[in-house]
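Colleague: Got upload.cif for you, mmCIF, C-alpha atoms and all ligand atoms:
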```cif
data_entry
#
loop_
_atom_site.label_atom_id
_atom_site.label_comp_id
_atom_site.auth_asym_id
_atom_site.auth_seq_id
_atom_site.Cartn_x
_atom_site.Cartn_y
_atom_site.Cartn_z
CA MET A 1 -9.69 12.89 -63.20
CA SER A 2 -6.73 12.45 -65.53
CA ALA A 3 -6.65 13.43 -69.18
CA PHE A 4 -3.64 11.20 -69.89
CA ARG A 5 -4.02 7.98 -71.86
CA ASP A 6 -2.75 4.62 -70.63
CA GLY A 7 0.77 3.83 -71.84
CA LEU A 8 1.65 7.52 -72.31
CA LEU A 9 5.13 7.02 -70.81
CA GLU A 10 5.72 3.49 -72.11
CA GLY A 11 9.40 2.91 -72.99
CA ARG A 12 10.66 5.77 -70.80
CA THR A 13 12.75 5.55 -67.67
CA ALA A 14 12.33 8.03 -64.83
CA PHE A 15 14.51 8.86 -61.83
CA ILE A 16 12.86 10.76 -59.01
CA ALA A 17 15.27 12.10 -56.39
CA GLY A 18 13.34 12.47 -53.13
CA GLY A 19 10.70 10.13 -54.55
CA THR A 20 10.35 7.99 -51.45
CA SER A 21 7.50 9.96 -49.83
CA GLY A 22 4.88 12.66 -50.28
CA ILE A 23 4.49 14.61 -53.49
CA ASN A 24 7.47 13.05 -55.25
CA LEU A 25 6.29 9.52 -54.45
CA GLY A 26 2.93 10.52 -55.96
CA ILE A 27 4.74 11.65 -59.10
CA ALA A 28 6.67 8.37 -59.23
CA LYS A 29 3.49 6.32 -58.85
CA ARG A 30 1.66 8.21 -61.59
CA MET A 31 4.60 7.92 -64.00
CA ALA A 32 4.78 4.18 -63.32
CA GLU A 33 1.00 3.81 -63.87
CA LEU A 34 1.45 5.50 -67.25
CA GLY A 35 4.11 2.96 -68.25
CA ALA A 36 7.45 4.50 -67.22
CA ARG A 37 10.14 2.40 -65.54
CA VAL A 38 10.71 4.27 -62.30
CA ALA A 39 13.57 4.58 -59.79
CA VAL A 40 13.27 6.63 -56.60
CA ALA A 41 15.92 7.74 -54.12
CA GLY A 42 16.11 9.18 -50.61
CA ARG A 43 18.53 9.04 -47.70
CA ASP A 44 16.82 6.22 -45.82
CA PRO A 45 17.37 2.88 -47.61
CA GLU A 46 14.46 1.14 -45.88
CA LYS A 47 12.08 3.96 -46.85
CA ALA A 48 13.39 3.72 -50.44
CA ARG A 49 12.78 -0.01 -50.47
CA ARG A 50 9.23 0.43 -49.16
CA ALA A 51 8.50 3.18 -51.71
CA ALA A 52 9.67 1.00 -54.60
CA ALA A 53 7.46 -1.84 -53.36
CA GLU A 54 4.49 0.54 -53.09
CA ILE A 55 5.03 1.82 -56.65
CA GLY A 56 5.35 -1.77 -57.94
CA ARG A 57 5.72 -2.41 -61.70
CA GLY A 58 9.44 -3.18 -61.33
CA ALA A 59 10.30 0.12 -59.60
CA ALA A 60 13.70 0.39 -57.93
CA GLY A 61 14.70 2.17 -54.73
CA TYR A 62 18.11 3.74 -54.14
CA SER A 63 19.71 5.37 -51.15
CA CYS A 64 21.74 8.56 -51.55
CA ASP A 65 21.98 12.02 -50.02
CA VAL A 66 21.58 14.61 -52.77
CA ARG A 67 24.07 16.85 -50.92
CA ASP A 68 26.72 14.26 -51.82
CA TYR A 69 27.51 14.55 -55.55
CA ALA A 70 29.43 11.27 -55.77
CA ALA A 71 26.70 9.26 -54.05
CA THR A 72 23.97 10.83 -56.19
CA ARG A 73 25.94 10.23 -59.36
CA ALA A 74 26.62 6.61 -58.32
CA ALA A 75 22.88 5.93 -57.90
CA MET A 76 22.16 7.36 -61.35
CA GLU A 77 25.01 5.36 -62.89
CA GLN A 78 23.46 2.19 -61.51
CA ILE A 79 20.09 3.10 -63.06
CA HIS A 80 21.80 3.86 -66.37
CA ALA A 81 23.69 0.57 -66.29
CA ALA A 82 20.49 -1.38 -65.63
CA TRP A 83 18.00 0.47 -67.86
CA GLY A 84 19.96 2.68 -70.26
CA PRO A 85 19.62 6.46 -70.76
CA MET A 86 17.08 8.19 -68.53
CA HIS A 87 14.21 10.05 -70.19
CA ILE A 88 12.82 11.79 -67.11
CA VAL A 89 14.73 13.13 -64.09
CA VAL A 90 12.88 14.80 -61.23
CA SER A 91 14.74 16.69 -58.51
CA GLY A 92 12.36 16.83 -55.56
CA ALA A 93 14.37 16.26 -52.38
CA ALA A 94 13.90 19.14 -49.93
CA GLY A 95 14.11 20.08 -46.29
CA ASN A 96 12.13 22.76 -44.52
CA PHE A 97 11.08 23.94 -41.07
CA LEU A 98 9.75 27.15 -39.60
CA ALA A 99 12.39 29.34 -37.98
CA PRO A 100 12.77 33.11 -37.56
CA ALA A 101 15.94 34.36 -39.25
CA ALA A 102 17.20 35.69 -35.93
CA GLY A 103 16.92 32.20 -34.42
CA LEU A 104 18.40 30.28 -37.35
CA SER A 105 22.02 29.12 -37.25
CA ALA A 106 24.30 29.37 -40.27
CA ASN A 107 24.25 25.60 -40.42
CA GLY A 108 20.45 25.54 -40.35
CA PHE A 109 20.36 27.91 -43.35
CA LYS A 110 23.10 25.97 -45.14
CA THR A 111 21.41 22.63 -44.55
CA VAL A 112 18.26 23.61 -46.43
CA VAL A 113 20.18 25.38 -49.20
CA ASP A 114 22.37 22.30 -49.59
CA ILE A 115 19.45 19.87 -49.84
CA ASP A 116 17.23 21.95 -52.13
CA LEU A 117 19.63 23.97 -54.26
CA LEU A 118 22.97 22.15 -54.27
CA GLY A 119 20.95 18.92 -54.38
CA THR A 120 19.15 20.03 -57.53
CA PHE A 121 22.45 21.02 -59.13
CA ASN A 122 23.94 17.64 -58.16
CA VAL A 123 21.00 15.67 -59.59
CA PHE A 124 20.90 17.59 -62.87
CA ARG A 125 24.66 17.92 -63.33
CA GLY A 126 25.12 14.28 -62.39
CA CYS A 127 22.59 13.02 -64.93
CA TYR A 128 23.92 15.11 -67.84
CA ASP A 129 25.68 12.29 -69.70
CA LEU A 130 23.23 9.62 -68.53
CA ILE A 131 20.06 11.03 -70.13
CA ALA A 132 18.47 10.49 -73.54
CA LYS A 133 19.48 13.21 -75.98
CA PRO A 134 17.47 14.50 -77.66
CA GLY A 135 14.28 14.03 -75.70
CA ALA A 136 15.07 14.03 -71.98
CA SER A 137 12.87 16.06 -69.66
CA LEU A 138 14.23 17.35 -66.34
CA ILE A 139 11.83 18.67 -63.71
CA ALA A 140 12.66 20.47 -60.47
CA ILE A 141 10.06 20.61 -57.70
CA THR A 142 10.19 24.17 -56.46
CA ALA A 143 7.77 26.30 -54.42
CA GLY A 144 6.04 29.69 -54.40
CA GLN A 145 8.54 30.71 -51.72
CA ALA A 146 11.03 31.07 -54.59
CA VAL A 147 9.21 34.20 -55.65
CA ASN A 148 7.18 35.32 -52.64
CA PRO A 149 9.20 36.27 -49.56
CA THR A 150 7.78 34.24 -46.67
CA MET A 151 8.48 34.92 -43.00
CA LEU A 152 10.06 32.09 -41.00
CA GLN A 153 11.36 30.45 -44.20
CA ILE A 154 14.37 32.54 -45.22
CA HIS A 155 16.34 29.33 -45.86
CA ALA A 156 13.67 27.73 -48.10
CA CYS A 157 12.94 31.01 -49.91
CA ALA A 158 16.61 31.46 -50.78
CA ALA A 159 17.04 27.81 -51.77
CA LYS A 160 13.98 27.60 -54.01
CA ALA A 161 14.77 30.95 -55.68
CA GLY A 162 18.08 29.39 -56.65
CA VAL A 163 16.32 26.27 -57.90
CA ASN A 164 14.22 28.38 -60.29
CA GLN A 165 17.38 29.93 -61.72
CA VAL A 166 19.04 26.52 -62.10
CA VAL A 167 15.99 25.51 -64.18
CA ARG A 168 16.24 28.56 -66.41
CA VAL A 169 20.00 28.45 -66.98
CA LEU A 170 20.02 24.72 -67.76
CA ALA A 171 17.06 25.16 -70.13
CA MET A 172 19.22 27.61 -72.10
CA GLU A 173 22.47 25.62 -71.94
CA TRP A 174 21.00 22.17 -72.68
CA GLY A 175 18.12 23.14 -74.97
CA PRO A 176 20.30 22.89 -78.10
CA GLU A 177 20.84 19.19 -77.26
CA GLY A 178 17.11 18.57 -77.09
CA VAL A 179 16.92 18.50 -73.29
CA ARG A 180 14.00 20.34 -71.69
CA VAL A 181 14.26 21.67 -68.13
CA ASN A 182 11.20 22.90 -66.23
CA GLY A 183 9.89 23.32 -62.70
CA VAL A 184 6.65 22.47 -60.98
CA SER A 185 5.69 24.81 -58.15
CA PRO A 186 3.12 23.18 -55.87
CA GLY A 187 0.93 25.22 -53.57
CA PRO A 188 0.15 23.82 -50.13
CA ILE A 189 -0.59 20.13 -50.62
CA ALA A 190 -2.77 18.13 -48.24
CA GLY A 191 -1.37 15.16 -46.35
CA THR A 192 2.31 15.98 -46.85
CA GLU A 193 5.28 16.33 -44.52
CA GLY A 194 5.70 19.86 -45.85
CA MET A 195 2.26 20.98 -44.71
CA ALA A 196 2.56 19.12 -41.42
CA ARG A 197 5.53 21.41 -40.77
CA LEU A 198 4.19 24.63 -42.27
CA ALA A 199 0.53 24.36 -41.21
CA PRO A 200 0.75 22.42 -37.95
CA ASN A 201 -2.82 23.12 -36.74
CA GLU A 202 -6.39 23.83 -37.89
CA ALA A 203 -6.15 27.59 -37.32
CA VAL A 204 -3.08 28.01 -39.55
CA THR A 205 -4.61 25.71 -42.16
CA LYS A 206 -7.80 27.83 -42.21
CA ALA A 207 -5.79 31.04 -42.46
CA ILE A 208 -3.85 29.69 -45.45
CA THR A 209 -6.79 28.22 -47.37
CA GLY A 210 -8.86 31.36 -46.75
CA ARG A 211 -6.33 33.37 -48.76
CA ILE A 212 -5.98 30.97 -51.72
CA ALA A 213 -8.11 31.74 -54.79
CA LEU A 214 -9.40 28.17 -55.02
CA ARG A 215 -9.93 28.07 -51.22
CA ARG A 216 -8.38 24.65 -50.61
CA PHE A 217 -5.14 22.72 -50.32
CA GLY A 218 -4.06 20.83 -53.43
CA GLU A 219 -3.81 17.07 -53.79
CA ILE A 220 -0.66 15.06 -54.44
CA ASP A 221 -2.29 13.64 -57.60
CA GLU A 222 -2.76 17.15 -58.97
CA ILE A 223 0.98 17.82 -58.76
CA ALA A 224 1.68 14.46 -60.38
CA GLU A 225 -0.51 15.43 -63.34
CA SER A 226 1.51 18.63 -63.84
CA ALA A 227 4.79 16.73 -63.77
CA VAL A 228 3.47 14.16 -66.26
CA PHE A 229 2.32 16.94 -68.59
CA LEU A 230 5.75 18.60 -68.54
CA CYS A 231 7.57 15.39 -69.44
CA SER A 232 5.01 14.33 -72.06
CA ASP A 233 5.17 15.04 -75.78
CA SER A 234 2.35 17.58 -75.27
CA ALA A 235 4.98 19.84 -73.68
CA ALA A 236 7.60 19.29 -76.42
CA TYR A 237 8.04 23.06 -76.96
CA ILE A 238 8.03 24.02 -73.28
CA THR A 239 11.33 24.61 -71.51
CA GLY A 240 12.59 26.98 -68.84
CA THR A 241 9.15 27.46 -67.35
CA ILE A 242 7.89 27.10 -63.81
CA LEU A 243 4.40 25.59 -63.85
CA GLU A 244 2.46 26.83 -60.83
CA CYS A 245 0.03 24.17 -59.67
CA ASP A 246 -1.13 26.05 -56.60
CA GLY A 247 -4.79 27.00 -56.76
CA GLY A 248 -3.74 30.58 -57.48
CA SER A 249 -1.54 30.96 -54.39
CA GLN A 250 1.09 32.89 -56.33
CA LEU A 251 -1.45 35.63 -57.04
CA GLY A 252 -1.35 36.69 -53.41
CA ASP A 253 -4.03 37.17 -50.78
CA ALA A 254 -7.36 36.40 -52.48
CA ARG A 255 -9.66 37.72 -49.75
CA ASN A 256 -12.18 40.37 -50.76
CA PRO A 257 -10.67 43.64 -49.51
CA MET A 258 -14.16 45.04 -48.83
CA GLU A 259 -14.87 42.18 -46.44
CA ARG A 260 -11.45 42.47 -44.81
CA ALA A 261 -11.76 46.15 -43.94
C1 LIG A 301 15.81 25.79 -36.38
C2 LIG A 301 16.77 23.82 -37.15
C3 LIG A 301 15.51 23.17 -37.15
C4 LIG A 301 14.36 23.92 -36.69
C5 LIG A 301 17.00 21.76 -37.83
N1 LIG A 301 17.65 22.90 -37.58
N2 LIG A 301 15.70 21.90 -37.57
N3 LIG A 301 16.91 25.11 -36.80
N4 LIG A 301 14.55 25.23 -36.33
N5 LIG A 301 13.15 23.39 -36.64
C6 LIG A 301 19.08 23.15 -37.71
C7 LIG A 301 19.86 22.28 -36.72
O1 LIG A 301 19.88 22.87 -35.43
C8 LIG A 301 21.24 22.26 -37.36
O2 LIG A 301 21.95 23.45 -37.12
C9 LIG A 301 20.91 22.24 -38.85
O3 LIG A 301 19.57 22.73 -38.98
C10 LIG A 301 20.98 20.84 -39.42
O4 LIG A 301 20.12 20.01 -38.67
P1 LIG A 301 20.21 18.42 -38.77
O5 LIG A 301 19.07 17.87 -37.99
O6 LIG A 301 21.59 17.96 -38.45
O7 LIG A 301 20.01 18.22 -40.36
P2 LIG A 301 19.69 16.93 -41.19
O8 LIG A 301 19.77 15.69 -40.33
O9 LIG A 301 20.52 17.00 -42.40
O10 LIG A 301 18.12 17.11 -41.55
C11 LIG A 301 17.72 18.09 -42.47
C12 LIG A 301 16.46 18.79 -41.98
C13 LIG A 301 15.36 17.77 -41.59
C14 LIG A 301 15.99 19.73 -43.10
C15 LIG A 301 16.79 19.63 -40.73
O11 LIG A 301 14.20 18.44 -41.09
C16 LIG A 301 14.98 16.88 -42.73
O12 LIG A 301 15.60 15.85 -42.96
N6 LIG A 301 13.94 17.24 -43.53
C17 LIG A 301 13.51 16.45 -44.70
C18 LIG A 301 12.03 16.36 -44.76
C19 LIG A 301 11.35 17.69 -44.95
O13 LIG A 301 11.80 18.72 -44.43
N7 LIG A 301 10.27 17.65 -45.68
C20 LIG A 301 9.50 18.85 -45.92
C21 LIG A 301 9.88 19.39 -47.25
S1 LIG A 301 8.60 20.49 -47.49
P3 LIG A 301 23.11 23.57 -35.96
O14 LIG A 301 23.58 24.97 -36.06
O15 LIG A 301 22.41 23.26 -34.68
O16 LIG A 301 24.14 22.55 -36.31
C22 LIG A 301 9.00 21.82 -48.23
C23 LIG A 301 7.84 22.75 -48.24
C24 LIG A 301 7.83 23.53 -49.46
O17 LIG A 301 10.07 21.96 -48.69
C25 LIG A 301 7.59 24.96 -49.28
C26 LIG A 301 8.82 25.76 -48.94
C27 LIG A 301 9.88 25.79 -49.92
P1 LIG A 302 8.63 14.87 -48.06
O1 LIG A 302 7.50 13.87 -47.97
O2 LIG A 302 9.34 15.23 -46.82
O3 LIG A 302 9.65 14.30 -49.13
C1 LIG A 302 10.99 14.63 -49.15
C2 LIG A 302 11.70 13.54 -49.89
O4 LIG A 302 13.05 13.92 -50.09
C3 LIG A 302 11.75 12.19 -49.17
O5 LIG A 302 11.78 11.17 -50.12
C4 LIG A 302 13.07 12.26 -48.42
O6 LIG A 302 13.51 10.95 -48.09
C5 LIG A 302 13.92 12.96 -49.46
N1 LIG A 302 15.06 13.69 -48.95
C6 LIG A 302 15.09 14.65 -48.00
N2 LIG A 302 16.34 15.09 -47.83
C7 LIG A 302 17.11 14.41 -48.70
C8 LIG A 302 18.50 14.42 -49.01
N3 LIG A 302 19.35 15.21 -48.37
N4 LIG A 302 18.95 13.58 -49.97
C9 LIG A 302 18.10 12.74 -50.62
N5 LIG A 302 16.78 12.69 -50.38
C10 LIG A 302 16.31 13.52 -49.42
O7 LIG A 302 8.18 16.24 -48.72
P2 LIG A 302 6.88 16.85 -49.46
O8 LIG A 302 6.18 17.72 -48.48
O9 LIG A 302 6.12 15.83 -50.19
O10 LIG A 302 7.63 17.83 -50.51
C11 LIG A 302 8.15 17.31 -51.72
C12 LIG A 302 8.64 18.42 -52.62
O11 LIG A 302 7.58 19.34 -52.90
C13 LIG A 302 9.78 19.25 -52.04
O12 LIG A 302 10.66 19.63 -53.06
C14 LIG A 302 9.06 20.46 -51.49
O13 LIG A 302 9.90 21.58 -51.36
C15 LIG A 302 8.00 20.66 -52.55
N6 LIG A 302 6.83 21.41 -52.08
C16 LIG A 302 6.01 20.85 -51.15
C17 LIG A 302 4.88 21.53 -50.73
C18 LIG A 302 3.91 20.89 -49.78
O14 LIG A 302 2.80 21.41 -49.59
N7 LIG A 302 4.28 19.78 -49.16
C19 LIG A 302 4.62 22.81 -51.23
C20 LIG A 302 5.51 23.38 -52.15
C21 LIG A 302 6.62 22.65 -52.58
P3 LIG A 302 14.58 10.71 -46.88
O15 LIG A 302 14.01 11.41 -45.69
O16 LIG A 302 14.69 9.22 -46.74
O17 LIG A 302 15.85 11.31 -47.34
#
```
Is it possible to express this structure as structure tokens?

Modeller:
Amino acid sequence: MSAFRDGLLEGRTAFIAGGTSGINLGIAKRMAELGARVAVAGRDPEKARRAAAEIGRGAAGYSCDVRDYAATRAAMEQIHAAWGPMHIVVSGAAGNFLAPAAGLSANGFKTVVDIDLLGTFNVFRGCYDLIAKPGASLIAITAGQAVNPTMLQIHACAAKAGVNQVVRVLAMEWGPEGVRVNGVSPGPIAGTEGMARLAPNEAVTKAITGRIALRRFGEIDEIAESAVFLCSDSAAYITGTILECDGGSQLGDARNPMERA
């Protein structure tokens, strides 16, 4: 159930890097429903085309690898040329897999850091002179792993910790120009590629949900609502924050210690 009124994002343009599937596609769809003109990008051009068609309402799909600054910048220049300054930029592209540190190659570590962290820098740095000032809202999609050390995800933990700091530094540097920079930190979200990788069977799923305060996975739509809030006028005085939309996951293990003993 959404609290947002129809037309909330009318007249705004949004670019969602990594918006061709999963959580980020959900964000793109919700922003389009609320009136924004939306462009999404991923590596696979056919997937980007399909995502744009699924979003409808004149959405555009672009192909670029966020690890490649020039390609990412070129996609955003095309959006700017077609639609003018961007009001909303979401950096959501990510890669992840489970691997013990002792079994992870340097290139495996670098690959995830490059997609998540360098990619977020590339998207935000690349859009700097293509966004509406004052008024633009930048949002990074981060994760609880940024704060909570998580076994088998040393690469993603390091990358997302860096993403949180990118958010905070840019909020300080670009705030004087009227640009807000925030993060959304989803908990485990049902039906996503991320959870297919991190919770590959029923037993792991049960173990994870049993420790979450709200005792369930989140929904893609719930993350979309958080992203919409952060880019809406209701959040006009919010910058440099990481909004945890995670059912309380960041609080830690929410099992009753008396029952555990
Ligand atoms: C160990 C692995 C591995 C695995 C890849 N590598 N998968 N190492 N275990 N399961 C290593 C490879 O051996 C290689 O190192 C290096 O990583 C690069 O692999 P490539 O396949 O060449 O990389 P690339 O084609 O660029 O693909 C990137 C990818 C891939 C991350 C590996 O899985 C991908 O495209 N993922 C995007 C989709 C995704 O991950 N979605 C989930 C996001 S969810 P060597 O040394 O052999 O060359 C998410 C959850 C949030 O982020 C919570 C946590 C933050
Ligand atoms: P997903 O469906 O795998 O989406 C990843 C998106 O990023 C796709 O559009 C993908 O398209 C694109 N992408 C991947 N690598 C890219 C690259 N190098 N350059 C450009 N685009 C790239 O993932 P998801 O599970 O929904 O996760 C989305 C976001 O939420 C991520 O930032 C993730 O870390 C975060 N998150 C997810 C969960 C969860 O429960 N799933 C929890 C916490 C945080 P291509 O493959 O075509 O490139």

Colleague: With only C-alpha atoms as the atoms that count, which of A:Gln145, A:Thr13, A:Ser2, A:Thr192 lies nearest to His87 of chain A?

Modeller: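 For His87 of chain A, the nearest of the given residues is A:Thr13.
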
Colleague: Report as an NGL selection string all protein, DNA and RNA residues lying within 9 Å of Gly191 of chain A, evaluated on all atoms listed in the file, omitting residues in the same chain fewer than 4 positions from it.

Modeller: :A and (22 or 195-196 or 219-220)

Colleague: Using all atoms listed in the file and a cutoff of 12 Å, can you tell me which residues are near (4.5, 36.1, -47.6) in the file's coordinates, and write them out as a PyMOL selection string?

Modeller: chain A and resi 144-154+157+208+211+249-253

Colleague: For the selection you just gave me, I'd like the residues written to a file as a PDB file, in the coordinates of the input, keeping C-alpha atoms.

Modeller:
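Done, and the output landed in result_11.pdb:
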```
ATOM      1  CA  GLY A 144       6.040  29.690 -54.400  1.00  0.00           C
ATOM      2  CA  GLN A 145       8.540  30.710 -51.720  1.00  0.00           C
ATOM      3  CA  ALA A 146      11.030  31.070 -54.590  1.00  0.00           C
ATOM      4  CA  VAL A 147       9.210  34.200 -55.650  1.00  0.00           C
ATOM      5  CA  ASN A 148       7.180  35.320 -52.640  1.00  0.00           C
ATOM      6  CA  PRO A 149       9.200  36.270 -49.560  1.00  0.00           C
ATOM      7  CA  THR A 150       7.780  34.240 -46.670  1.00  0.00           C
ATOM      8  CA  MET A 151       8.480  34.920 -43.000  1.00  0.00           C
ATOM      9  CA  LEU A 152      10.060  32.090 -41.000  1.00  0.00           C
ATOM     10  CA  GLN A 153      11.360  30.450 -44.200  1.00  0.00           C
ATOM     11  CA  ILE A 154      14.370  32.540 -45.220  1.00  0.00           C
ATOM     12  CA  CYS A 157      12.940  31.010 -49.910  1.00  0.00           C
ATOM     13  CA  ILE A 208      -3.850  29.690 -45.450  1.00  0.00           C
ATOM     14  CA  ARG A 211      -6.330  33.370 -48.760  1.00  0.00           C
ATOM     15  CA  SER A 249      -1.540  30.960 -54.390  1.00  0.00           C
ATOM     16  CA  GLN A 250       1.090  32.890 -56.330  1.00  0.00           C
ATOM     17  CA  LEU A 251      -1.450  35.630 -57.040  1.00  0.00           C
ATOM     18  CA  GLY A 252      -1.350  36.690 -53.410  1.00  0.00           C
ATOM     19  CA  ASP A 253      -4.030  37.170 -50.780  1.00  0.00           C
TER      20      ASP A 253
END
```

Colleague: Using all atoms listed in the file, which protein or nucleic acid residues come within 7 Å of segment 57-63 of chain A? Drop anything in the same chain fewer than 5 positions from it, and give the result as a ChimeraX atom specification.

Modeller: /A:32,37-45,48-49,51-52,75

Colleague: Could those selected residues go to a file with C-alpha atoms, as a short mmCIF file (atom, residue, chain, number, x, y, z; two decimals), in the coordinates of the input?

Modeller:
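Saved as selection.cif:
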```cif
data_model
loop_
_atom_site.label_atom_id
_atom_site.label_comp_id
_atom_site.auth_asym_id
_atom_site.auth_seq_id
_atom_site.Cartn_x
_atom_site.Cartn_y
_atom_site.Cartn_z
CA ALA A 32 4.78 4.18 -63.32
CA ARG A 37 10.14 2.40 -65.54
CA VAL A 38 10.71 4.27 -62.30
CA ALA A 39 13.57 4.58 -59.79
CA VAL A 40 13.27 6.63 -56.60
CA ALA A 41 15.92 7.74 -54.12
CA GLY A 42 16.11 9.18 -50.61
CA ARG A 43 18.53 9.04 -47.70
CA ASP A 44 16.82 6.22 -45.82
CA PRO A 45 17.37 2.88 -47.61
CA ALA A 48 13.39 3.72 -50.44
CA ARG A 49 12.78 -0.01 -50.47
CA ALA A 51 8.50 3.18 -51.71
CA ALA A 52 9.67 1.00 -54.60
CA ALA A 75 22.88 5.93 -57.90
#
```

Colleague: Calculated over only C-alpha atoms, which of the candidates A:Gly7, A:Gly19, A:Gly35, A:Gly95 has the smallest distance to Glu193 of chain A?

Modeller: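 Nearest to Glu193 of chain A: A:Gly95.
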
Colleague: Starting from the sparse input, extend segment 241-247 of chain A to all heavy atoms and give the output as a PDB file, keeping the file's coordinate frame.

Modeller:
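Result file rebuild_35.pdb:
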```pdb
ATOM      1  N   THR A 241      10.323  26.875 -68.007  1.00  0.00           N
ATOM      2  CA  THR A 241       9.150  27.460 -67.350  1.00  0.00           C
ATOM      3  C   THR A 241       8.950  26.855 -65.959  1.00  0.00           C
ATOM      4  O   THR A 241       9.387  25.735 -65.691  1.00  0.00           O
ATOM      5  CB  THR A 241       7.880  27.266 -68.210  1.00  0.00           C
ATOM      6  OG1 THR A 241       6.872  28.154 -67.745  1.00  0.00           O
ATOM      7  CG2 THR A 241       7.344  25.853 -68.128  1.00  0.00           C
ATOM      8  N   ILE A 242       8.288  27.613 -65.114  1.00  0.00           N
ATOM      9  CA  ILE A 242       7.890  27.100 -63.810  1.00  0.00           C
ATOM     10  C   ILE A 242       6.370  27.009 -63.844  1.00  0.00           C
ATOM     11  O   ILE A 242       5.686  28.033 -63.955  1.00  0.00           O
ATOM     12  CB  ILE A 242       8.317  28.044 -62.653  1.00  0.00           C
ATOM     13  CG1 ILE A 242       9.821  28.359 -62.697  1.00  0.00           C
ATOM     14  CG2 ILE A 242       7.892  27.464 -61.306  1.00  0.00           C
ATOM     15  CD1 ILE A 242      10.746  27.202 -62.398  1.00  0.00           C
ATOM     16  N   LEU A 243       5.849  25.803 -63.794  1.00  0.00           N
ATOM     17  CA  LEU A 243       4.400  25.590 -63.850  1.00  0.00           C
ATOM     18  C   LEU A 243       3.836  25.653 -62.430  1.00  0.00           C
ATOM     19  O   LEU A 243       4.140  24.809 -61.590  1.00  0.00           O
ATOM     20  CB  LEU A 243       4.096  24.239 -64.501  1.00  0.00           C
ATOM     21  CG  LEU A 243       2.637  23.780 -64.557  1.00  0.00           C
ATOM     22  CD1 LEU A 243       1.729  24.824 -65.189  1.00  0.00           C
ATOM     23  CD2 LEU A 243       2.540  22.472 -65.328  1.00  0.00           C
ATOM     24  N   GLU A 244       3.048  26.679 -62.166  1.00  0.00           N
ATOM     25  CA  GLU A 244       2.460  26.830 -60.830  1.00  0.00           C
ATOM     26  C   GLU A 244       1.193  26.009 -60.734  1.00  0.00           C
ATOM     27  O   GLU A 244       0.227  26.288 -61.450  1.00  0.00           O
ATOM     28  CB  GLU A 244       2.167  28.310 -60.561  1.00  0.00           C
ATOM     29  CG  GLU A 244       3.421  29.109 -60.303  1.00  0.00           C
ATOM     30  CD  GLU A 244       3.352  30.528 -60.825  1.00  0.00           C
ATOM     31  OE1 GLU A 244       2.492  30.806 -61.679  1.00  0.00           O
ATOM     32  OE2 GLU A 244       4.168  31.348 -60.385  1.00  0.00           O
ATOM     33  N   CYS A 245       1.210  25.001 -59.907  1.00  0.00           N
ATOM     34  CA  CYS A 245       0.030  24.170 -59.670  1.00  0.00           C
ATOM     35  C   CYS A 245      -0.345  24.434 -58.213  1.00  0.00           C
ATOM     36  O   CYS A 245       0.045  23.685 -57.311  1.00  0.00           O
ATOM     37  CB  CYS A 245       0.372  22.705 -59.925  1.00  0.00           C
ATOM     38  SG  CYS A 245      -1.054  21.601 -59.724  1.00  0.00           S
ATOM     39  N   ASP A 246      -1.023  25.545 -57.970  1.00  0.00           N
ATOM     40  CA  ASP A 246      -1.130  26.050 -56.600  1.00  0.00           C
ATOM     41  C   ASP A 246      -2.456  26.714 -56.264  1.00  0.00           C
ATOM     42  O   ASP A 246      -2.536  27.474 -55.293  1.00  0.00           O
ATOM     43  CB  ASP A 246       0.028  27.019 -56.322  1.00  0.00           C
ATOM     44  CG  ASP A 246      -0.075  28.283 -57.167  1.00  0.00           C
ATOM     45  OD1 ASP A 246      -1.014  28.380 -57.984  1.00  0.00           O
ATOM     46  OD2 ASP A 246       0.785  29.170 -57.011  1.00  0.00           O
ATOM     47  N   GLY A 247      -3.471  26.441 -57.050  1.00  0.00           N
ATOM     48  CA  GLY A 247      -4.790  27.000 -56.760  1.00  0.00           C
ATOM     49  C   GLY A 247      -4.833  28.518 -56.818  1.00  0.00           C
ATOM     50  O   GLY A 247      -5.770  29.138 -56.327  1.00  0.00           O
TER      51      GLY A 247
END
```
